[in-house]
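For reference, model-v4.cif (mmCIF, all heavy atoms):
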```cif
data_target
#
loop_
_atom_site.label_atom_id
_atom_site.label_comp_id
_atom_site.auth_asym_id
_atom_site.auth_seq_id
_atom_site.Cartn_x
_atom_site.Cartn_y
_atom_site.Cartn_z
N MET A 1 32.97 221.78 196.86
CA MET A 1 32.65 222.86 195.94
C MET A 1 33.39 222.61 194.62
O MET A 1 34.59 222.38 194.62
CB MET A 1 33.08 224.19 196.57
CG MET A 1 32.91 225.36 195.64
SD MET A 1 33.40 226.92 196.38
CE MET A 1 31.86 227.38 197.11
N PRO A 2 32.68 222.65 193.49
CA PRO A 2 33.33 222.41 192.20
C PRO A 2 34.34 223.52 191.85
O PRO A 2 34.17 224.66 192.24
CB PRO A 2 32.18 222.40 191.20
CG PRO A 2 30.97 222.82 191.92
CD PRO A 2 31.26 222.89 193.38
N HIS A 3 35.35 223.13 191.12
CA HIS A 3 36.39 224.08 190.74
C HIS A 3 36.23 224.60 189.32
O HIS A 3 36.91 225.51 188.91
CB HIS A 3 37.77 223.43 190.88
CG HIS A 3 38.09 223.09 192.28
ND1 HIS A 3 38.51 224.03 193.18
CD2 HIS A 3 38.04 221.92 192.95
CE1 HIS A 3 38.70 223.46 194.36
NE2 HIS A 3 38.42 222.16 194.23
N GLY A 4 35.35 224.01 188.57
CA GLY A 4 35.16 224.45 187.19
C GLY A 4 33.99 223.71 186.56
O GLY A 4 33.48 222.74 187.09
N VAL A 5 33.62 224.22 185.43
CA VAL A 5 32.52 223.63 184.68
C VAL A 5 33.05 223.35 183.27
O VAL A 5 33.63 224.24 182.64
CB VAL A 5 31.32 224.59 184.61
CG1 VAL A 5 30.21 224.03 183.77
CG2 VAL A 5 30.83 224.92 186.01
N PRO A 6 32.88 222.12 182.79
CA PRO A 6 33.39 221.81 181.45
C PRO A 6 32.69 222.67 180.38
O PRO A 6 31.48 222.92 180.46
CB PRO A 6 33.06 220.34 181.24
CG PRO A 6 32.44 219.85 182.48
CD PRO A 6 32.22 220.99 183.41
N TYR A 7 33.45 223.13 179.41
CA TYR A 7 32.90 223.89 178.30
C TYR A 7 32.22 222.92 177.35
O TYR A 7 32.78 221.87 177.03
CB TYR A 7 34.01 224.64 177.57
CG TYR A 7 33.49 225.63 176.57
CD1 TYR A 7 33.04 226.87 176.97
CD2 TYR A 7 33.42 225.31 175.22
CE1 TYR A 7 32.55 227.79 176.06
CE2 TYR A 7 32.94 226.22 174.29
CZ TYR A 7 32.51 227.45 174.73
OH TYR A 7 32.02 228.36 173.82
N PRO A 8 31.00 223.23 176.91
CA PRO A 8 30.32 222.30 176.01
C PRO A 8 31.05 222.17 174.67
O PRO A 8 31.56 223.16 174.14
CB PRO A 8 28.94 222.93 175.82
CG PRO A 8 29.12 224.37 176.13
CD PRO A 8 30.25 224.45 177.13
N ALA A 9 31.08 220.98 174.17
CA ALA A 9 31.71 220.74 172.87
C ALA A 9 30.90 219.69 172.12
O ALA A 9 30.37 218.75 172.71
CB ALA A 9 33.14 220.25 173.05
N THR A 10 30.77 219.90 170.80
CA THR A 10 30.06 218.96 169.95
C THR A 10 30.89 218.75 168.70
O THR A 10 31.97 219.31 168.56
CB THR A 10 28.67 219.52 169.54
OG1 THR A 10 28.85 220.66 168.71
CG2 THR A 10 27.84 219.91 170.76
N LEU A 11 30.36 217.98 167.78
CA LEU A 11 31.08 217.75 166.52
C LEU A 11 31.28 219.04 165.74
O LEU A 11 32.27 219.19 165.03
CB LEU A 11 30.32 216.74 165.67
CG LEU A 11 30.18 215.33 166.25
CD1 LEU A 11 29.26 214.49 165.37
CD2 LEU A 11 31.55 214.68 166.39
N ASN A 12 30.34 219.97 165.87
CA ASN A 12 30.40 221.22 165.12
C ASN A 12 30.57 222.44 166.02
O ASN A 12 30.03 223.51 165.76
CB ASN A 12 29.13 221.39 164.28
CG ASN A 12 29.04 220.34 163.20
OD1 ASN A 12 30.03 220.04 162.53
ND2 ASN A 12 27.88 219.75 163.03
N THR A 13 31.36 222.29 167.07
CA THR A 13 31.57 223.39 168.01
C THR A 13 32.01 224.66 167.29
O THR A 13 31.50 225.75 167.58
CB THR A 13 32.61 223.01 169.07
OG1 THR A 13 32.15 221.85 169.78
CG2 THR A 13 32.85 224.13 170.05
N ALA A 14 32.93 224.55 166.36
CA ALA A 14 33.44 225.74 165.67
C ALA A 14 32.34 226.50 164.95
O ALA A 14 32.34 227.74 164.94
CB ALA A 14 34.54 225.35 164.69
N GLN A 15 31.37 225.78 164.39
CA GLN A 15 30.27 226.44 163.67
C GLN A 15 29.41 227.26 164.61
O GLN A 15 29.10 228.42 164.35
CB GLN A 15 29.40 225.42 162.95
CG GLN A 15 29.95 224.96 161.65
CD GLN A 15 28.93 224.07 160.95
OE1 GLN A 15 28.50 223.06 161.51
NE2 GLN A 15 28.56 224.45 159.75
N TRP A 16 28.96 226.65 165.72
CA TRP A 16 28.07 227.40 166.59
C TRP A 16 28.81 228.45 167.40
O TRP A 16 28.25 229.48 167.73
CB TRP A 16 27.17 226.51 167.45
CG TRP A 16 27.79 225.50 168.35
CD1 TRP A 16 27.87 224.16 168.11
CD2 TRP A 16 28.35 225.70 169.64
NE1 TRP A 16 28.46 223.52 169.17
CE2 TRP A 16 28.77 224.45 170.12
CE3 TRP A 16 28.57 226.82 170.44
CZ2 TRP A 16 29.38 224.28 171.37
CZ3 TRP A 16 29.17 226.65 171.68
CH2 TRP A 16 29.57 225.41 172.13
N GLN A 17 30.10 228.25 167.65
CA GLN A 17 30.89 229.30 168.31
C GLN A 17 31.01 230.51 167.41
O GLN A 17 30.97 231.65 167.89
CB GLN A 17 32.29 228.79 168.65
CG GLN A 17 32.35 228.03 169.93
CD GLN A 17 33.77 227.62 170.25
OE1 GLN A 17 34.59 227.39 169.36
NE2 GLN A 17 34.07 227.51 171.53
N ASP A 18 31.17 230.30 166.12
CA ASP A 18 31.27 231.40 165.17
C ASP A 18 29.98 232.22 165.18
O ASP A 18 30.03 233.46 165.23
CB ASP A 18 31.57 230.86 163.77
CG ASP A 18 31.87 231.95 162.78
OD1 ASP A 18 32.71 232.83 163.09
OD2 ASP A 18 31.27 231.94 161.68
N VAL A 19 28.84 231.55 165.14
CA VAL A 19 27.54 232.23 165.20
C VAL A 19 27.46 233.05 166.49
O VAL A 19 27.12 234.23 166.49
CB VAL A 19 26.38 231.21 165.15
CG1 VAL A 19 25.05 231.86 165.51
CG2 VAL A 19 26.30 230.55 163.78
N GLN A 20 27.78 232.40 167.58
CA GLN A 20 27.71 233.03 168.89
C GLN A 20 28.62 234.26 168.97
O GLN A 20 28.19 235.33 169.40
CB GLN A 20 28.14 231.97 169.90
CG GLN A 20 28.40 232.37 171.29
CD GLN A 20 28.82 231.16 172.10
OE1 GLN A 20 27.98 230.41 172.53
NE2 GLN A 20 30.10 230.96 172.29
N ASN A 21 29.85 234.13 168.54
CA ASN A 21 30.80 235.24 168.63
C ASN A 21 30.38 236.43 167.78
O ASN A 21 30.48 237.58 168.20
CB ASN A 21 32.20 234.77 168.25
CG ASN A 21 32.77 233.80 169.25
OD1 ASN A 21 32.35 233.75 170.40
ND2 ASN A 21 33.72 233.00 168.80
N LYS A 22 29.92 236.17 166.57
CA LYS A 22 29.50 237.26 165.68
C LYS A 22 28.27 237.99 166.20
O LYS A 22 28.18 239.20 166.16
CB LYS A 22 29.25 236.73 164.27
CG LYS A 22 30.52 236.36 163.55
CD LYS A 22 30.22 235.79 162.18
CE LYS A 22 31.51 235.41 161.47
NZ LYS A 22 31.26 234.72 160.21
N LYS A 23 27.30 237.24 166.68
CA LYS A 23 26.05 237.85 167.13
C LYS A 23 26.17 238.54 168.49
O LYS A 23 25.54 239.55 168.73
CB LYS A 23 24.94 236.81 167.14
CG LYS A 23 24.63 236.30 165.74
CD LYS A 23 23.22 235.89 165.59
CE LYS A 23 22.92 235.50 164.18
NZ LYS A 23 22.61 236.61 163.32
N LEU A 24 26.99 237.99 169.37
CA LEU A 24 27.14 238.59 170.69
C LEU A 24 27.75 239.99 170.62
O LEU A 24 27.50 240.82 171.49
CB LEU A 24 27.97 237.70 171.60
CG LEU A 24 27.24 236.50 172.19
CD1 LEU A 24 28.19 235.61 172.97
CD2 LEU A 24 26.06 236.93 173.06
N ALA A 25 28.52 240.26 169.60
CA ALA A 25 29.11 241.59 169.45
C ALA A 25 28.03 242.67 169.41
O ALA A 25 28.19 243.74 169.99
CB ALA A 25 29.98 241.65 168.19
N ASP A 26 26.91 242.39 168.74
CA ASP A 26 25.80 243.35 168.69
C ASP A 26 25.18 243.57 170.06
O ASP A 26 24.79 244.67 170.41
CB ASP A 26 24.72 242.89 167.71
CG ASP A 26 25.10 243.08 166.26
OD1 ASP A 26 26.08 243.81 165.99
OD2 ASP A 26 24.42 242.51 165.39
N ALA A 27 25.08 242.51 170.84
CA ALA A 27 24.51 242.62 172.19
C ALA A 27 25.46 243.38 173.11
O ALA A 27 25.04 244.26 173.86
CB ALA A 27 24.21 241.23 172.75
N TRP A 28 26.74 243.06 173.05
CA TRP A 28 27.72 243.71 173.92
C TRP A 28 27.87 245.20 173.61
O TRP A 28 28.12 246.00 174.50
CB TRP A 28 29.08 243.04 173.80
CG TRP A 28 29.12 241.66 174.36
CD1 TRP A 28 28.38 241.17 175.40
CD2 TRP A 28 29.93 240.59 173.92
NE1 TRP A 28 28.70 239.85 175.62
CE2 TRP A 28 29.65 239.46 174.74
CE3 TRP A 28 30.89 240.45 172.92
CZ2 TRP A 28 30.29 238.25 174.58
CZ3 TRP A 28 31.51 239.24 172.76
CH2 TRP A 28 31.22 238.14 173.59
N SER A 29 27.71 245.56 172.35
CA SER A 29 27.87 246.96 171.96
C SER A 29 26.59 247.77 172.22
O SER A 29 26.60 248.98 172.09
CB SER A 29 28.24 247.06 170.48
OG SER A 29 27.15 246.65 169.67
N GLY A 30 25.51 247.09 172.55
CA GLY A 30 24.24 247.78 172.77
C GLY A 30 23.49 248.04 171.48
O GLY A 30 22.45 248.70 171.48
N LYS A 31 24.00 247.53 170.39
CA LYS A 31 23.38 247.73 169.07
C LYS A 31 22.02 247.04 168.98
O LYS A 31 21.12 247.54 168.31
CB LYS A 31 24.33 247.17 168.01
CG LYS A 31 24.08 247.58 166.61
CD LYS A 31 25.21 247.03 165.73
CE LYS A 31 25.14 247.58 164.34
NZ LYS A 31 26.22 247.02 163.51
N ARG A 32 21.90 245.89 169.67
CA ARG A 32 20.64 245.12 169.66
C ARG A 32 20.38 244.60 171.06
O ARG A 32 21.31 244.34 171.82
CB ARG A 32 20.76 243.95 168.69
CG ARG A 32 20.96 244.42 167.26
CD ARG A 32 20.92 243.32 166.23
NE ARG A 32 19.74 242.52 166.37
CZ ARG A 32 19.75 241.19 166.22
NH1 ARG A 32 20.84 240.54 165.93
NH2 ARG A 32 18.64 240.51 166.35
N PRO A 33 19.10 244.39 171.41
CA PRO A 33 18.78 243.84 172.74
C PRO A 33 19.35 242.44 172.93
O PRO A 33 19.30 241.60 172.02
CB PRO A 33 17.26 243.80 172.75
CG PRO A 33 16.82 244.76 171.68
CD PRO A 33 17.90 244.73 170.64
N VAL A 34 19.86 242.20 174.12
CA VAL A 34 20.47 240.91 174.44
C VAL A 34 19.48 239.77 174.22
O VAL A 34 19.83 238.72 173.67
CB VAL A 34 21.00 240.91 175.89
CG1 VAL A 34 21.47 239.52 176.30
CG2 VAL A 34 22.11 241.92 176.05
N ALA A 35 18.23 239.95 174.64
CA ALA A 35 17.23 238.88 174.50
C ALA A 35 17.01 238.50 173.04
O ALA A 35 16.88 237.32 172.71
CB ALA A 35 15.91 239.31 175.14
N ASP A 36 16.98 239.49 172.15
CA ASP A 36 16.80 239.21 170.72
C ASP A 36 17.98 238.44 170.16
O ASP A 36 17.82 237.47 169.42
CB ASP A 36 16.62 240.51 169.93
CG ASP A 36 15.32 241.22 170.24
OD1 ASP A 36 14.44 240.64 170.92
OD2 ASP A 36 15.18 242.39 169.81
N VAL A 37 19.18 238.88 170.53
CA VAL A 37 20.39 238.22 170.05
C VAL A 37 20.44 236.79 170.58
O VAL A 37 20.76 235.86 169.84
CB VAL A 37 21.65 239.02 170.48
CG1 VAL A 37 22.92 238.25 170.18
CG2 VAL A 37 21.67 240.38 169.79
N ALA A 38 20.11 236.61 171.84
CA ALA A 38 20.14 235.26 172.44
C ALA A 38 19.16 234.32 171.74
O ALA A 38 19.49 233.15 171.49
CB ALA A 38 19.81 235.35 173.93
N ARG A 39 17.98 234.82 171.40
CA ARG A 39 17.01 233.97 170.68
C ARG A 39 17.54 233.57 169.31
O ARG A 39 17.39 232.42 168.88
CB ARG A 39 15.68 234.71 170.54
CG ARG A 39 14.78 234.57 171.75
CD ARG A 39 13.38 235.10 171.49
NE ARG A 39 13.34 236.55 171.32
CZ ARG A 39 13.30 237.42 172.32
NH1 ARG A 39 13.27 237.01 173.56
NH2 ARG A 39 13.27 238.72 172.09
N GLU A 40 18.18 234.51 168.61
CA GLU A 40 18.75 234.21 167.29
C GLU A 40 19.85 233.18 167.41
O GLU A 40 19.94 232.24 166.60
CB GLU A 40 19.31 235.48 166.65
CG GLU A 40 18.33 236.23 165.82
CD GLU A 40 18.99 237.40 165.12
OE1 GLU A 40 20.13 237.27 164.61
OE2 GLU A 40 18.35 238.46 165.08
N ILE A 41 20.72 233.37 168.39
CA ILE A 41 21.82 232.43 168.59
C ILE A 41 21.27 231.03 168.88
O ILE A 41 21.71 230.04 168.29
CB ILE A 41 22.75 232.89 169.74
CG1 ILE A 41 23.51 234.14 169.32
CG2 ILE A 41 23.71 231.78 170.14
CD1 ILE A 41 24.26 234.82 170.46
N ALA A 42 20.30 230.95 169.77
CA ALA A 42 19.72 229.65 170.13
C ALA A 42 19.11 228.97 168.91
O ALA A 42 19.31 227.76 168.71
CB ALA A 42 18.67 229.83 171.22
N ALA A 43 18.39 229.72 168.09
CA ALA A 43 17.75 229.13 166.91
C ALA A 43 18.81 228.59 165.95
O ALA A 43 18.69 227.46 165.44
CB ALA A 43 16.87 230.16 166.22
N GLN A 44 19.85 229.38 165.69
CA GLN A 44 20.89 228.93 164.76
C GLN A 44 21.69 227.77 165.34
O GLN A 44 22.06 226.84 164.62
CB GLN A 44 21.79 230.09 164.37
CG GLN A 44 21.08 231.07 163.47
CD GLN A 44 22.02 232.13 162.91
OE1 GLN A 44 23.23 232.06 163.07
NE2 GLN A 44 21.45 233.11 162.24
N MET A 45 21.97 227.82 166.64
CA MET A 45 22.70 226.72 167.26
C MET A 45 21.89 225.43 167.21
O MET A 45 22.43 224.37 166.94
CB MET A 45 23.06 227.06 168.71
CG MET A 45 24.18 228.08 168.81
SD MET A 45 24.53 228.56 170.51
CE MET A 45 25.33 227.09 171.11
N ASN A 46 20.59 225.53 167.44
CA ASN A 46 19.74 224.34 167.37
C ASN A 46 19.74 223.74 165.96
O ASN A 46 19.75 222.52 165.81
CB ASN A 46 18.31 224.68 167.81
CG ASN A 46 18.21 224.83 169.32
OD1 ASN A 46 19.02 224.27 170.06
ND2 ASN A 46 17.23 225.59 169.77
N GLU A 47 19.74 224.59 164.94
CA GLU A 47 19.82 224.10 163.56
C GLU A 47 21.15 223.36 163.33
O GLU A 47 21.16 222.28 162.72
CB GLU A 47 19.70 225.25 162.57
CG GLU A 47 18.32 225.84 162.46
CD GLU A 47 18.28 227.05 161.53
OE1 GLU A 47 19.19 227.22 160.69
OE2 GLU A 47 17.32 227.84 161.66
N ILE A 48 22.23 223.94 163.80
CA ILE A 48 23.54 223.32 163.63
C ILE A 48 23.60 221.98 164.38
O ILE A 48 24.06 220.97 163.84
CB ILE A 48 24.67 224.27 164.12
CG1 ILE A 48 24.76 225.49 163.18
CG2 ILE A 48 26.00 223.55 164.21
CD1 ILE A 48 25.57 226.64 163.73
N LEU A 49 23.13 221.98 165.61
CA LEU A 49 23.17 220.77 166.43
C LEU A 49 22.25 219.67 165.86
O LEU A 49 22.58 218.48 165.98
CB LEU A 49 22.79 221.08 167.87
CG LEU A 49 23.80 221.95 168.62
CD1 LEU A 49 23.23 222.40 169.96
CD2 LEU A 49 25.12 221.24 168.81
N ALA A 50 21.16 220.05 165.26
CA ALA A 50 20.24 219.07 164.68
C ALA A 50 20.87 218.30 163.52
O ALA A 50 20.47 217.17 163.22
CB ALA A 50 18.96 219.76 164.21
N LYS A 51 21.87 218.89 162.90
CA LYS A 51 22.54 218.25 161.76
C LYS A 51 23.61 217.25 162.20
O LYS A 51 24.18 216.56 161.38
CB LYS A 51 23.15 219.31 160.85
CG LYS A 51 22.12 220.18 160.18
CD LYS A 51 22.79 221.26 159.38
CE LYS A 51 21.72 222.21 158.79
NZ LYS A 51 22.34 223.36 158.12
N GLU A 52 23.92 217.22 163.49
CA GLU A 52 24.97 216.30 163.97
C GLU A 52 24.46 214.88 164.03
O GLU A 52 23.35 214.59 164.22
CB GLU A 52 25.46 216.73 165.35
CG GLU A 52 26.27 217.99 165.27
CD GLU A 52 26.98 218.33 166.58
OE1 GLU A 52 26.87 217.59 167.57
OE2 GLU A 52 27.65 219.35 166.60
#
```

Would you encode the structure as structure tokens?
Amino acid sequence: MPHGVPYPATLNTAQWQDVQNKKLADAWSGKRPVADVAREIAAQMNEILAKE
């Protein structure tokens, strides 16, 4: 049985983590639907990752 899962890291981890952290606050507070926030995060993360 595995004891842990490595956290993903890329050249621009700090950039996509910042996007993720800021947007998830709206989902956690109930201000916006989780599915909408997740789609936005994915789109922005994909843009950041495409530049690597």

Work out how far atom CD1 of A:Ile48 is from atom CA of A:Ala14, in Å to one decimal.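 Separation of atom CA of A:Ala14 and atom CD1 of A:Ile48: 8.2 Å.
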
For a test of reading the model, state the distance in Å between atom CG of A:Asn21 and atom C of A:Glu52, rounded to one decimal. 21.3 Å

Fewer than 6 positions away in the same chain doesn't count, so skip those; otherwise give me all residues within 12 Å of A:Gln15, counting only C-alpha atoms, as a list in words.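 Those residues are Ala9, Asn21, Lys22, Ile41, Gln44, Met45, Asn46, Glu47, Ile48, Leu49, Lys51 and Glu52 of chain A.
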
In Å to one decimal, how far is atom O of A:Ala50 from atom NE1 of A:Trp16?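 One can read the atom NE1 of A:Trp16 to atom O of A:Ala50 distance as 11.8 Å.
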
Please give the complete set of residues from chain A that DSSP, run on the backbone, assigns to helix (DSSP H, G or I), formatted as a VMD selection string. chain A and resid 13 to 29 34 to 50

Applied to the shown file, which residues does the PyMOL selection byres ((chain A and resi 23) around 6) return, written as an mmCIF file with all heavy atoms, in the coordinates of the input?
```
data_model
loop_
_atom_site.group_PDB
_atom_site.id
_atom_site.type_symbol
_atom_site.label_atom_id
_atom_site.label_comp_id
_atom_site.auth_asym_id
_atom_site.auth_seq_id
_atom_site.Cartn_x
_atom_site.Cartn_y
_atom_site.Cartn_z
ATOM 1 N N ASP A 18 31.170 230.300 166.120
ATOM 2 C CA ASP A 18 31.270 231.400 165.170
ATOM 3 C C ASP A 18 29.980 232.220 165.180
ATOM 4 O O ASP A 18 30.030 233.460 165.230
ATOM 5 C CB ASP A 18 31.570 230.860 163.770
ATOM 6 C CG ASP A 18 31.870 231.950 162.780
ATOM 7 O OD1 ASP A 18 32.710 232.830 163.090
ATOM 8 O OD2 ASP A 18 31.270 231.940 161.680
ATOM 9 N N VAL A 19 28.840 231.550 165.140
ATOM 10 C CA VAL A 19 27.540 232.230 165.200
ATOM 11 C C VAL A 19 27.460 233.050 166.490
ATOM 12 O O VAL A 19 27.120 234.230 166.490
ATOM 13 C CB VAL A 19 26.380 231.210 165.150
ATOM 14 C CG1 VAL A 19 25.050 231.860 165.510
ATOM 15 C CG2 VAL A 19 26.300 230.550 163.780
ATOM 16 N N GLN A 20 27.780 232.400 167.580
ATOM 17 C CA GLN A 20 27.710 233.030 168.890
ATOM 18 C C GLN A 20 28.620 234.260 168.970
ATOM 19 O O GLN A 20 28.190 235.330 169.400
ATOM 20 C CB GLN A 20 28.140 231.970 169.900
ATOM 21 C CG GLN A 20 28.400 232.370 171.290
ATOM 22 C CD GLN A 20 28.820 231.160 172.100
ATOM 23 O OE1 GLN A 20 27.980 230.410 172.530
ATOM 24 N NE2 GLN A 20 30.100 230.960 172.290
ATOM 25 N N ASN A 21 29.850 234.130 168.540
ATOM 26 C CA ASN A 21 30.800 235.240 168.630
ATOM 27 C C ASN A 21 30.380 236.430 167.780
ATOM 28 O O ASN A 21 30.480 237.580 168.200
ATOM 29 C CB ASN A 21 32.200 234.770 168.250
ATOM 30 C CG ASN A 21 32.770 233.800 169.250
ATOM 31 O OD1 ASN A 21 32.350 233.750 170.400
ATOM 32 N ND2 ASN A 21 33.720 233.000 168.800
ATOM 33 N N LYS A 22 29.920 236.170 166.570
ATOM 34 C CA LYS A 22 29.500 237.260 165.680
ATOM 35 C C LYS A 22 28.270 237.990 166.200
ATOM 36 O O LYS A 22 28.180 239.200 166.160
ATOM 37 C CB LYS A 22 29.250 236.730 164.270
ATOM 38 C CG LYS A 22 30.520 236.360 163.550
ATOM 39 C CD LYS A 22 30.220 235.790 162.180
ATOM 40 C CE LYS A 22 31.510 235.410 161.470
ATOM 41 N NZ LYS A 22 31.260 234.720 160.210
ATOM 42 N N LEU A 24 26.990 237.990 169.370
ATOM 43 C CA LEU A 24 27.140 238.590 170.690
ATOM 44 C C LEU A 24 27.750 239.990 170.620
ATOM 45 O O LEU A 24 27.500 240.820 171.490
ATOM 46 C CB LEU A 24 27.970 237.700 171.600
ATOM 47 C CG LEU A 24 27.240 236.500 172.190
ATOM 48 C CD1 LEU A 24 28.190 235.610 172.970
ATOM 49 C CD2 LEU A 24 26.060 236.930 173.060
ATOM 50 N N ALA A 25 28.520 240.260 169.600
ATOM 51 C CA ALA A 25 29.110 241.590 169.450
ATOM 52 C C ALA A 25 28.030 242.670 169.410
ATOM 53 O O ALA A 25 28.190 243.740 169.990
ATOM 54 C CB ALA A 25 29.980 241.650 168.190
ATOM 55 N N ASP A 26 26.910 242.390 168.740
ATOM 56 C CA ASP A 26 25.800 243.350 168.690
ATOM 57 C C ASP A 26 25.180 243.570 170.060
ATOM 58 O O ASP A 26 24.790 244.670 170.410
ATOM 59 C CB ASP A 26 24.720 242.890 167.710
ATOM 60 C CG ASP A 26 25.100 243.080 166.260
ATOM 61 O OD1 ASP A 26 26.080 243.810 165.990
ATOM 62 O OD2 ASP A 26 24.420 242.510 165.390
ATOM 63 N N ALA A 27 25.080 242.510 170.840
ATOM 64 C CA ALA A 27 24.510 242.620 172.190
ATOM 65 C C ALA A 27 25.460 243.380 173.110
ATOM 66 O O ALA A 27 25.040 244.260 173.860
ATOM 67 C CB ALA A 27 24.210 241.230 172.750
ATOM 68 N N TRP A 28 26.740 243.060 173.050
ATOM 69 C CA TRP A 28 27.720 243.710 173.920
ATOM 70 C C TRP A 28 27.870 245.200 173.610
ATOM 71 O O TRP A 28 28.120 246.000 174.500
ATOM 72 C CB TRP A 28 29.080 243.040 173.800
ATOM 73 C CG TRP A 28 29.120 241.660 174.360
ATOM 74 C CD1 TRP A 28 28.380 241.170 175.400
ATOM 75 C CD2 TRP A 28 29.930 240.590 173.920
ATOM 76 N NE1 TRP A 28 28.700 239.850 175.620
ATOM 77 C CE2 TRP A 28 29.650 239.460 174.740
ATOM 78 C CE3 TRP A 28 30.890 240.450 172.920
ATOM 79 C CZ2 TRP A 28 30.290 238.250 174.580
ATOM 80 C CZ3 TRP A 28 31.510 239.240 172.760
ATOM 81 C CH2 TRP A 28 31.220 238.140 173.590
ATOM 82 N N ARG A 32 21.900 245.890 169.670
ATOM 83 C CA ARG A 32 20.640 245.120 169.660
ATOM 84 C C ARG A 32 20.380 244.600 171.060
ATOM 85 O O ARG A 32 21.310 244.340 171.820
ATOM 86 C CB ARG A 32 20.760 243.950 168.690
ATOM 87 C CG ARG A 32 20.960 244.420 167.260
ATOM 88 C CD ARG A 32 20.920 243.320 166.230
ATOM 89 N NE ARG A 32 19.740 242.520 166.370
ATOM 90 C CZ ARG A 32 19.750 241.190 166.220
ATOM 91 N NH1 ARG A 32 20.840 240.540 165.930
ATOM 92 N NH2 ARG A 32 18.640 240.510 166.350
ATOM 93 N N VAL A 37 19.180 238.880 170.530
ATOM 94 C CA VAL A 37 20.390 238.220 170.050
ATOM 95 C C VAL A 37 20.440 236.790 170.580
ATOM 96 O O VAL A 37 20.760 235.860 169.840
ATOM 97 C CB VAL A 37 21.650 239.020 170.480
ATOM 98 C CG1 VAL A 37 22.920 238.250 170.180
ATOM 99 C CG2 VAL A 37 21.670 240.380 169.790
ATOM 100 N N GLU A 40 18.180 234.510 168.610
ATOM 101 C CA GLU A 40 18.750 234.210 167.290
ATOM 102 C C GLU A 40 19.850 233.180 167.410
ATOM 103 O O GLU A 40 19.940 232.240 166.600
ATOM 104 C CB GLU A 40 19.310 235.480 166.650
ATOM 105 C CG GLU A 40 18.330 236.230 165.820
ATOM 106 C CD GLU A 40 18.990 237.400 165.120
ATOM 107 O OE1 GLU A 40 20.130 237.270 164.610
ATOM 108 O OE2 GLU A 40 18.350 238.460 165.080
ATOM 109 N N ILE A 41 20.720 233.370 168.390
ATOM 110 C CA ILE A 41 21.820 232.430 168.590
ATOM 111 C C ILE A 41 21.270 231.030 168.880
ATOM 112 O O ILE A 41 21.710 230.040 168.290
ATOM 113 C CB ILE A 41 22.750 232.890 169.740
ATOM 114 C CG1 ILE A 41 23.510 234.140 169.320
ATOM 115 C CG2 ILE A 41 23.710 231.780 170.140
ATOM 116 C CD1 ILE A 41 24.260 234.820 170.460
ATOM 117 N N GLN A 44 19.850 229.380 165.690
ATOM 118 C CA GLN A 44 20.890 228.930 164.760
ATOM 119 C C GLN A 44 21.690 227.770 165.340
ATOM 120 O O GLN A 44 22.060 226.840 164.620
ATOM 121 C CB GLN A 44 21.790 230.090 164.370
ATOM 122 C CG GLN A 44 21.080 231.070 163.470
ATOM 123 C CD GLN A 44 22.020 232.130 162.910
ATOM 124 O OE1 GLN A 44 23.230 232.060 163.070
ATOM 125 N NE2 GLN A 44 21.450 233.110 162.240
#
```
